[in-house]
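Here's my_file02.csv, which has CSV, C-alpha atoms:
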```csv
chain,number,residue,atom,x,y,z
U,1123,MET,CA,92.7,-71.3,18.2
U,1124,ALA,CA,95.0,-71.5,21.2
U,1125,SER,CA,95.6,-75.0,22.6
U,1126,SER,CA,95.7,-75.6,26.4
U,1127,ARG,CA,97.3,-79.0,25.6
U,1128,LEU,CA,100.3,-77.1,24.2
U,1129,TRP,CA,100.2,-74.4,27.0
U,1130,LYS,CA,100.5,-76.7,30.0
U,1131,PRO,CA,103.9,-78.4,29.1
U,1132,ARG,CA,105.3,-75.0,28.2
U,1133,ALA,CA,104.1,-73.6,31.5
U,1134,ALA,CA,105.9,-76.4,33.3
U,1135,ARG,CA,109.1,-75.5,31.6
U,1136,GLY,CA,108.7,-71.9,32.9
U,1137,PHE,CA,108.4,-70.1,29.5
U,1138,ARG,CA,106.9,-67.0,31.1
U,1139,SER,CA,109.5,-66.6,33.7
U,1140,LEU,CA,111.7,-65.1,31.0
U,1141,ALA,CA,109.7,-61.8,31.3
U,1142,ALA,CA,111.1,-61.3,34.8
U,1143,THR,CA,114.4,-60.3,33.3
U,1144,SER,CA,113.9,-59.7,29.6
U,1145,SER,CA,111.4,-60.5,26.9
U,1146,ALA,CA,114.0,-61.6,24.3
U,1147,ASP,CA,117.4,-62.2,25.8
U,1148,SER,CA,118.9,-64.8,23.4
U,1149,GLY,CA,118.9,-66.0,19.9
U,1150,ASP,CA,116.9,-69.0,20.8
U,1151,SER,CA,114.2,-67.1,22.7
U,1152,PRO,CA,111.2,-69.2,23.6
U,1153,ILE,CA,109.0,-66.6,22.0
U,1154,GLU,CA,111.0,-66.7,18.7
U,1155,GLU,CA,111.0,-70.5,18.7
U,1156,ALA,CA,107.2,-70.6,19.4
U,1157,ALA,CA,106.6,-68.3,16.4
U,1158,LYS,CA,108.8,-70.4,14.1
U,1159,ALA,CA,106.6,-73.4,15.0
U,1160,LEU,CA,103.4,-71.3,14.7
U,1161,ALA,CA,102.5,-72.6,18.2
U,1162,PRO,CA,98.8,-71.7,19.0
U,1163,THR,CA,99.5,-70.6,22.6
U,1164,PRO,CA,98.9,-67.3,24.4
U,1165,LEU,CA,102.6,-66.9,25.1
U,1166,VAL,CA,103.1,-63.3,24.0
U,1167,PRO,CA,100.0,-61.9,25.8
U,1168,THR,CA,101.0,-63.8,29.0
U,1169,VAL,CA,104.6,-62.7,28.8
U,1170,VAL,CA,103.5,-59.1,28.4
U,1171,ALA,CA,101.1,-59.4,31.4
U,1172,LEU,CA,103.9,-60.9,33.5
U,1173,GLY,CA,106.2,-58.1,32.6
U,1174,PHE,CA,103.6,-55.6,33.6
U,1175,ALA,CA,103.0,-57.3,36.9
U,1176,VAL,CA,106.7,-57.4,37.7
U,1177,ALA,CA,107.2,-53.8,36.7
U,1178,ALA,CA,104.2,-52.8,38.9
U,1179,GLY,CA,105.5,-54.7,41.9
U,1180,ALA,CA,102.5,-57.0,41.9
U,1181,ASN,CA,104.6,-60.0,43.1
U,1182,ALA,CA,101.7,-62.2,44.0
U,1183,ILE,CA,100.2,-61.8,40.5
U,1184,ALA,CA,103.5,-62.3,38.9
U,1185,ALA,CA,104.0,-65.5,40.8
U,1186,ARG,CA,100.6,-66.8,39.6
U,1187,ILE,CA,101.4,-66.1,36.0
U,1188,ALA,CA,104.9,-67.5,36.2
U,1189,ALA,CA,103.3,-70.7,37.6
U,1190,GLY,CA,101.2,-71.2,34.5
U,1191,THR,CA,98.1,-68.9,34.8
U,1192,ARG,CA,97.2,-67.5,31.3
U,1193,ALA,CA,96.9,-63.7,31.5
U,1194,ALA,CA,96.3,-60.7,29.3
U,1195,ILE,CA,96.6,-56.9,29.4
U,1196,VAL,CA,93.4,-54.9,28.7
U,1197,ILE,CA,94.6,-51.7,27.2
U,1198,PRO,CA,93.0,-50.0,24.1
U,1199,LEU,CA,95.1,-49.9,21.0
U,1200,ASP,CA,95.5,-47.4,18.1
U,1201,ASP,CA,98.0,-47.0,15.3
U,1202,ALA,CA,100.6,-45.6,17.8
U,1203,GLY,CA,100.2,-48.6,20.2
U,1204,TRP,CA,98.8,-48.6,23.8
U,1205,VAL,CA,96.3,-45.9,24.6
U,1206,THR,CA,97.1,-45.0,28.2
U,1207,SER,CA,94.7,-42.1,28.9
U,1208,GLY,CA,91.4,-40.6,27.8
U,1209,VAL,CA,87.9,-41.8,27.2
U,1210,ALA,CA,88.9,-45.1,25.6
U,1211,LEU,CA,90.0,-46.5,29.0
U,1212,PRO,CA,87.5,-48.4,31.2
U,1213,GLU,CA,86.4,-46.3,34.2
U,1214,TRP,CA,87.2,-47.3,37.8
U,1215,ASP,CA,84.9,-45.7,40.4
U,1216,GLY,CA,86.8,-47.1,43.4
U,1217,ARG,CA,84.7,-50.3,43.6
U,1218,SER,CA,84.0,-51.5,40.1
U,1219,LEU,CA,84.9,-51.2,36.4
U,1220,ASN,CA,82.7,-50.0,33.6
U,1221,GLY,CA,83.7,-49.8,29.9
U,1222,HIS,CA,84.5,-51.7,26.8
U,1223,VAL,CA,87.8,-52.6,25.1
U,1224,PRO,CA,87.2,-54.0,21.6
U,1225,LEU,CA,90.6,-55.6,20.8
U,1226,VAL,CA,92.5,-57.6,23.5
U,1227,PRO,CA,95.0,-60.3,22.4
U,1228,GLY,CA,94.6,-63.4,24.5
U,1229,ALA,CA,91.5,-62.3,26.3
U,1230,PRO,CA,89.2,-65.2,25.5
U,1231,ASP,CA,91.6,-67.8,27.0
U,1232,ALA,CA,92.9,-65.6,29.9
U,1233,GLU,CA,92.5,-66.7,33.5
U,1234,LEU,CA,93.6,-63.3,34.8
U,1235,LEU,CA,93.2,-59.8,33.4
U,1236,LEU,CA,95.2,-56.7,34.2
U,1237,VAL,CA,93.1,-53.7,33.2
U,1238,LEU,CA,94.4,-50.1,32.8
U,1239,ALA,CA,91.5,-47.9,33.9
U,1240,SER,CA,90.8,-44.2,34.3
U,1241,THR,CA,89.8,-42.5,37.6
U,1242,THR,CA,89.1,-38.9,38.5
U,1243,ASP,CA,92.7,-38.7,39.7
U,1244,GLY,CA,94.5,-40.4,36.8
U,1245,VAL,CA,94.9,-44.1,35.9
U,1246,VAL,CA,95.1,-47.3,37.9
U,1247,LEU,CA,96.0,-50.9,37.2
U,1248,VAL,CA,93.2,-53.2,38.2
U,1249,GLU,CA,93.3,-57.0,38.5
U,1250,VAL,CA,90.0,-58.8,37.6
U,1251,GLN,CA,89.0,-62.4,37.2
U,1252,PRO,CA,87.4,-63.2,33.8
U,1253,GLY,CA,84.7,-65.4,35.4
U,1254,SER,CA,83.4,-62.7,37.8
U,1255,ALA,CA,80.0,-61.1,37.4
U,1256,GLY,CA,79.9,-58.1,35.1
U,1257,ILE,CA,82.8,-59.3,32.9
U,1258,THR,CA,82.2,-60.5,29.3
U,1259,ALA,CA,85.1,-61.6,27.1
U,1260,GLU,CA,83.8,-62.5,23.6
U,1261,ALA,CA,86.1,-64.2,21.1
U,1262,GLU,CA,86.5,-62.5,17.7
U,1263,GLN,CA,87.5,-64.0,14.4
U,1264,PRO,CA,91.3,-63.4,14.4
U,1265,GLN,CA,93.3,-62.7,11.2
U,1266,ASP,CA,96.0,-64.8,12.9
U,1267,LEU,CA,94.6,-68.3,13.0
U,1268,THR,CA,97.1,-69.4,15.6
U,1269,ALA,CA,96.0,-66.8,18.1
U,1270,VAL,CA,93.0,-65.7,20.0
U,1271,VAL,CA,91.7,-62.2,20.4
U,1272,GLY,CA,88.5,-60.8,21.9
U,1273,SER,CA,86.5,-57.8,23.1
U,1274,VAL,CA,86.2,-57.3,26.8
U,1275,ALA,CA,83.2,-55.5,28.4
U,1276,PHE,CA,82.9,-54.5,32.1
U,1277,THR,CA,79.6,-53.7,33.8
U,1278,CYS,CA,80.0,-52.9,37.5
U,1279,ALA,CA,82.7,-55.5,37.4
U,1280,PRO,CA,84.6,-56.1,40.7
U,1281,GLY,CA,88.4,-55.8,40.8
U,1282,GLU,CA,91.4,-54.9,42.9
U,1283,VAL,CA,93.8,-52.0,42.3
U,1284,VAL,CA,97.4,-53.3,42.2
U,1285,ALA,CA,99.2,-50.1,41.1
U,1286,ASP,CA,98.6,-46.4,40.7
U,1287,GLY,CA,100.4,-43.0,40.7
U,1288,GLU,CA,104.1,-42.7,40.0
U,1289,GLN,CA,104.6,-46.4,40.4
U,1290,LEU,CA,102.2,-47.2,37.6
U,1291,ARG,CA,103.6,-44.5,35.4
U,1292,ARG,CA,107.1,-46.1,35.6
U,1293,ALA,CA,105.6,-49.6,35.2
U,1294,LEU,CA,103.7,-48.5,32.1
U,1295,THR,CA,106.9,-47.3,30.5
U,1296,GLU,CA,108.8,-50.5,31.3
U,1297,ALA,CA,105.9,-52.8,30.4
U,1298,ARG,CA,105.5,-51.2,27.0
U,1299,CYS,CA,109.2,-51.7,26.3
U,1300,ARG,CA,108.8,-55.4,27.2
U,1301,ALA,CA,105.7,-55.7,25.1
U,1302,LEU,CA,107.5,-54.2,22.1
U,1303,LEU,CA,110.4,-56.7,22.5
U,1304,ALA,CA,108.1,-59.6,23.0
U,1305,VAL,CA,106.1,-59.0,19.8
U,1306,ALA,CA,109.4,-58.2,18.1
U,1307,ALA,CA,110.9,-61.5,19.1
U,1308,ASP,CA,107.7,-63.2,17.8
U,1309,SER,CA,108.1,-61.4,14.5
U,1310,VAL,CA,111.8,-62.4,14.3
U,1311,GLY,CA,110.7,-66.0,14.6
U,1312,VAL,CA,108.2,-65.6,11.8
U,1313,SER,CA,110.9,-64.1,9.6
U,1314,ALA,CA,113.3,-67.0,10.4
U,1315,ARG,CA,110.7,-69.6,9.5
U,1316,CYS,CA,109.8,-67.8,6.3
U,1317,LEU,CA,113.4,-67.7,5.2
U,1318,ALA,CA,114.1,-71.3,6.1
U,1319,MET,CA,111.0,-72.4,4.1
U,1320,ALA,CA,111.9,-70.3,1.1
U,1321,VAL,CA,115.5,-71.5,1.0
U,1322,GLN,CA,114.5,-75.1,1.3
U,1323,TRP,CA,111.9,-74.8,-1.5
U,1324,ALA,CA,114.4,-72.9,-3.7
U,1325,GLY,CA,116.8,-75.8,-3.4
U,1326,GLU,CA,114.2,-78.5,-4.1
U,1327,ARG,CA,112.0,-76.9,-6.8
U,1328,GLU,CA,113.5,-77.2,-10.3
U,1329,GLN,CA,112.8,-75.3,-13.5
U,1330,PHE,CA,114.6,-75.6,-16.8
U,1331,GLY,CA,116.5,-78.6,-15.3
U,1332,ARG,CA,118.0,-76.7,-12.4
U,1333,PRO,CA,117.0,-75.6,-8.9
U,1334,ILE,CA,115.1,-72.2,-8.9
U,1335,GLY,CA,117.5,-71.0,-6.2
U,1336,SER,CA,120.2,-70.8,-8.8
U,1337,PHE,CA,118.3,-67.9,-10.6
U,1338,GLN,CA,119.0,-64.4,-9.4
U,1339,ALA,CA,115.3,-63.6,-9.3
U,1340,VAL,CA,114.9,-66.1,-6.5
U,1341,ALA,CA,118.4,-65.9,-4.9
U,1342,HIS,CA,118.3,-62.2,-4.4
U,1343,PRO,CA,115.0,-62.1,-2.4
U,1344,CYS,CA,116.3,-64.8,-0.2
U,1345,ALA,CA,119.4,-62.8,0.5
U,1346,ASP,CA,117.3,-59.7,1.2
U,1347,MET,CA,115.2,-61.7,3.6
U,1348,LEU,CA,118.4,-62.8,5.5
U,1349,VAL,CA,119.7,-59.3,5.7
U,1350,THR,CA,116.4,-57.9,7.1
U,1351,LEU,CA,116.1,-60.8,9.5
U,1352,GLU,CA,119.6,-60.5,11.0
U,1353,ALA,CA,119.3,-56.7,11.2
U,1354,ALA,CA,116.0,-57.0,13.1
U,1355,ARG,CA,117.3,-59.8,15.4
U,1356,SER,CA,120.4,-57.7,16.2
U,1357,GLN,CA,118.3,-54.7,17.1
U,1358,VAL,CA,116.0,-56.7,19.3
U,1359,LEU,CA,118.8,-58.4,21.1
U,1360,ALA,CA,120.7,-55.1,21.6
U,1361,ALA,CA,117.6,-53.4,23.0
U,1362,SER,CA,116.8,-56.3,25.3
U,1363,GLU,CA,120.3,-56.9,26.6
U,1364,ALA,CA,120.9,-53.2,27.5
U,1365,ASP,CA,121.5,-52.5,31.2
U,1366,GLU,CA,118.4,-50.3,31.1
U,1367,LEU,CA,115.5,-50.6,28.7
U,1368,ARG,CA,115.2,-47.4,26.5
U,1369,GLU,CA,111.9,-46.7,24.9
U,1370,ALA,CA,113.4,-45.3,21.7
U,1371,ASP,CA,115.6,-48.4,21.2
U,1372,CYS,CA,112.7,-50.8,21.8
U,1373,MET,CA,110.5,-48.9,19.4
U,1374,MET,CA,113.1,-49.0,16.6
U,1375,ALA,CA,113.9,-52.6,17.2
U,1376,ALA,CA,110.2,-53.5,17.1
U,1377,ALA,CA,109.6,-51.5,14.0
U,1378,ALA,CA,112.5,-53.3,12.2
U,1379,ALA,CA,111.2,-56.7,13.3
U,1380,LEU,CA,107.6,-56.1,12.4
U,1381,ASP,CA,108.6,-54.9,8.9
U,1382,ALA,CA,111.0,-57.7,8.4
U,1383,ALA,CA,108.4,-60.3,9.2
U,1384,VAL,CA,105.8,-58.9,6.7
U,1385,PHE,CA,108.6,-58.6,4.1
U,1386,ALA,CA,109.8,-62.2,4.6
U,1387,ALA,CA,106.3,-63.7,4.6
U,1388,GLU,CA,105.4,-61.9,1.4
U,1389,ARG,CA,108.6,-62.9,-0.3
U,1390,SER,CA,108.3,-66.5,0.9
U,1391,ILE,CA,104.9,-66.8,-0.7
U,1392,GLN,CA,106.3,-65.3,-3.9
U,1393,ILE,CA,109.2,-67.8,-4.0
U,1394,HIS,CA,106.9,-70.8,-3.4
U,1395,GLY,CA,104.8,-69.8,-6.4
U,1396,GLY,CA,101.4,-71.5,-6.8
U,1397,ILE,CA,101.8,-73.8,-3.7
U,1398,GLY,CA,102.5,-70.8,-1.5
U,1399,PHE,CA,99.0,-69.4,-2.2
U,1400,THR,CA,97.1,-72.6,-1.2
U,1401,TRP,CA,95.2,-72.9,2.1
U,1402,GLU,CA,97.1,-76.2,2.9
U,1403,HIS,CA,100.5,-74.5,2.9
U,1404,PRO,CA,101.6,-72.8,6.2
U,1405,ALA,CA,102.9,-69.7,4.3
U,1406,HIS,CA,99.6,-67.8,4.7
U,1407,LEU,CA,99.6,-68.5,8.5
U,1408,LEU,CA,103.0,-66.9,8.8
U,1409,LEU,CA,101.8,-63.8,6.8
U,1410,ARG,CA,98.7,-63.6,9.0
U,1411,ARG,CA,100.9,-63.7,12.1
U,1412,ALA,CA,103.3,-61.1,10.7
U,1413,ARG,CA,100.5,-58.7,9.8
U,1414,VAL,CA,98.8,-59.0,13.2
U,1415,ASN,CA,102.0,-58.4,15.0
U,1416,ALA,CA,102.5,-55.3,12.9
U,1417,VAL,CA,99.5,-53.6,14.6
U,1418,MET,CA,99.6,-55.3,18.0
U,1419,VAL,CA,101.9,-52.7,19.7
U,1420,GLY,CA,101.8,-49.9,17.1
U,1421,ARG,CA,102.4,-49.7,13.4
U,1422,PRO,CA,106.1,-49.6,12.4
U,1423,GLU,CA,105.9,-46.1,10.9
U,1424,ALA,CA,104.3,-44.8,14.1
U,1425,LEU,CA,106.9,-46.4,16.3
U,1426,ARG,CA,109.7,-44.8,14.3
U,1427,ASP,CA,108.0,-41.4,14.6
U,1428,GLN,CA,107.7,-41.8,18.3
U,1429,ALA,CA,111.3,-43.0,18.7
U,1430,VAL,CA,112.6,-39.9,16.8
U,1431,LEU,CA,110.5,-37.5,18.9
U,1432,LYS,CA,111.7,-39.2,22.1
U,1433,LEU,CA,115.4,-39.0,21.0
U,1434,MET,CA,114.9,-35.3,20.1
U,1435,ASP,CA,113.4,-34.7,23.5
U,1436,GLU,CA,116.3,-36.4,25.2
U,1437,ARG,CA,118.8,-34.5,23.2
U,1438,SER,CA,117.0,-31.2,24.0
U,1439,LEU,CA,117.1,-32.0,27.7
U,1440,THR,CA,120.8,-32.9,27.5
U,1441,HIS,CA,121.6,-29.6,25.9
U,1442,GLN,CA,119.7,-27.6,28.5
U,1443,TYR,CA,122.1,-29.0,31.2
```
Can you dump the structure from the file as structure tokens?
Amino acid sequence: MASSRLWKPRAARGFRSLAATSSADSGDSPIEEAAKALAPTPLVPTVVALGFAVAAGANAIAARIAAGTRAAIVIPLDDAGWVTSGVALPEWDGRSLNGHVPLVPGAPDAELLLVLASTTDGVVLVEVQPGSAGITAEAEQPQDLTAVVGSVAFTCAPGEVVADGEQLRRALTEARCRALLAVAADSVGVSARCLAMAVQWAGEREQFGRPIGSFQAVAHPCADMLVTLEAARSQVLAASEADELREADCMMAAAAALDAAVFAAERSIQIHGGIGFTWEHPAHLLLRRARVNAVMVGRPEALRDQAVLKLMDERSLTHQY
């Protein structure tokens, strides 16, 4: 369960202001460090919401979030990531919202919601206050025990349109890139913690009179974890530090980070042996976080497919000119 006691001091240090420039712009990203510590705070959902507000030009909303307001994005999810059109979106009739989104990270704790809604003319981004009439955010049992997730229902719920048209289309593209990088940074943190725990245990646990890390069956998985971790971190940093965020790069970086986190969490449990399977050990918390991240912005295999198609489209357009 997310802790407001942990959130307030982090808000005072301006954690979410990093989304105004990049979601993961250094090796010691606050998102990565929070994941290493298994911090039960809504950092990633709030960073994603802030990035969306900045991209949409909603400066007043962005200022509120940067000042410490917990926020979440209400957008349906499927295996490919955000669903940005169709009947899955809540409906906006010009005055109120109606609809239901079953899986919204950070929703139960959010103090501000940004909702992607459909209209007769396309889609709009609507700001709503969770405590308003007609809005129900019900907490669900999360697989990741350090996070909160819930379903959100709207019944003639009041709201205010903050972006639409071409501005929203561009904001959606940028916000998705930032969401991919934020979740990827969290997954890199999970990988790093898993590797550190596994290496420490391999140096302490002895079998046949010697540390188990001296055996190739243990040393090689640790080396594989390091390789996948550094490869993923390099891709995330390269994508986030580019002069312009490119969807294909962000998708590939996220896919690498999501896979690396699950791989590292599973290998860490294996290296820890019996203790790694116990409820008291944090290894299962890291595996839970890694697996939830792996579906939060799209499954890795789906992200890679989308990245390839986007690169092929870009190549085709280049050849036309």
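Using only C-alpha atoms, the shortest contact distance between U:Arg1300 and any of U:Gln1251, U:Ser1313, U:Ser1362, U:Thr1168 is found at U:Ser1362.
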I'd like the contact shell of stretch 1214-1230 of chain U - 6 Å cut-off, only C-alpha atoms, skipping same-chain residues fewer than 6 positions apart - returned as a short mmCIF file (atom, residue, chain, number, x, y, z; two decimals) with C-alpha atoms, in the frame of the given file.
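The result, written out as result-v4.cif:
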```cif
data_model
loop_
_atom_site.label_atom_id
_atom_site.label_comp_id
_atom_site.auth_asym_id
_atom_site.auth_seq_id
_atom_site.Cartn_x
_atom_site.Cartn_y
_atom_site.Cartn_z
CA PRO U 1164 98.90 -67.30 24.40
CA PRO U 1167 100.00 -61.90 25.80
CA ALA U 1194 96.30 -60.70 29.30
CA VAL U 1196 93.40 -54.90 28.70
CA PRO U 1198 93.00 -50.00 24.10
CA ALA U 1239 91.50 -47.90 33.90
CA SER U 1240 90.80 -44.20 34.30
CA THR U 1241 89.80 -42.50 37.60
CA ALA U 1259 85.10 -61.60 27.10
CA ALA U 1261 86.10 -64.20 21.10
CA VAL U 1270 93.00 -65.70 20.00
CA VAL U 1271 91.70 -62.20 20.40
CA GLY U 1272 88.50 -60.80 21.90
CA SER U 1273 86.50 -57.80 23.10
CA VAL U 1274 86.20 -57.30 26.80
CA ALA U 1275 83.20 -55.50 28.40
CA PHE U 1276 82.90 -54.50 32.10
CA THR U 1277 79.60 -53.70 33.80
CA CYS U 1278 80.00 -52.90 37.50
CA ALA U 1279 82.70 -55.50 37.40
CA PRO U 1280 84.60 -56.10 40.70
#
```
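Across the structure, atom CA of U:Ala1177 and atom CA of U:Cys1299 are spaced 10.8 Å apart.
Residue nearest U:Met1347 within the list U:Glu1388, U:Asp1308, U:Glu1369, U:Glu1282: U:Glu1388 [criterion: smallest interatomic distance, only C-alpha atoms].
The nearest approach to U:Thr1268 among the residues U:Met1319, U:Leu1165, U:Cys1372, U:Ile1397, with all atoms listed in the file taken into account, belongs to U:Leu1165.
Distances to U:Ala1324 were evaluated for U:Ser1356, U:Thr1295, U:Ser1254, U:Gln1338 using all atoms listed in the file, and the minimum falls at U:Gln1338.
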Q | Proximity to U:Leu1303 - best of U:Asp1371, U:Glu1352, U:Asp1427, U:Glu1328, all atoms listed in the file | A | U:Asp1371
(Q) List as an MDAnalysis selection string the residues having at least one atom at most 12 Å from position (94.2, -43.3, 16.4) as given in the file, counting only C-alpha atoms. (A) chainID U and resid 1198:1205 1210 1417 1420:1421 1424
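Shortest atom-to-atom contact with U:Cys1316 among U:Ala1370, U:Ala1386, U:Ala1378, U:Ala1189: U:Ala1386, counting all atoms listed in the file.
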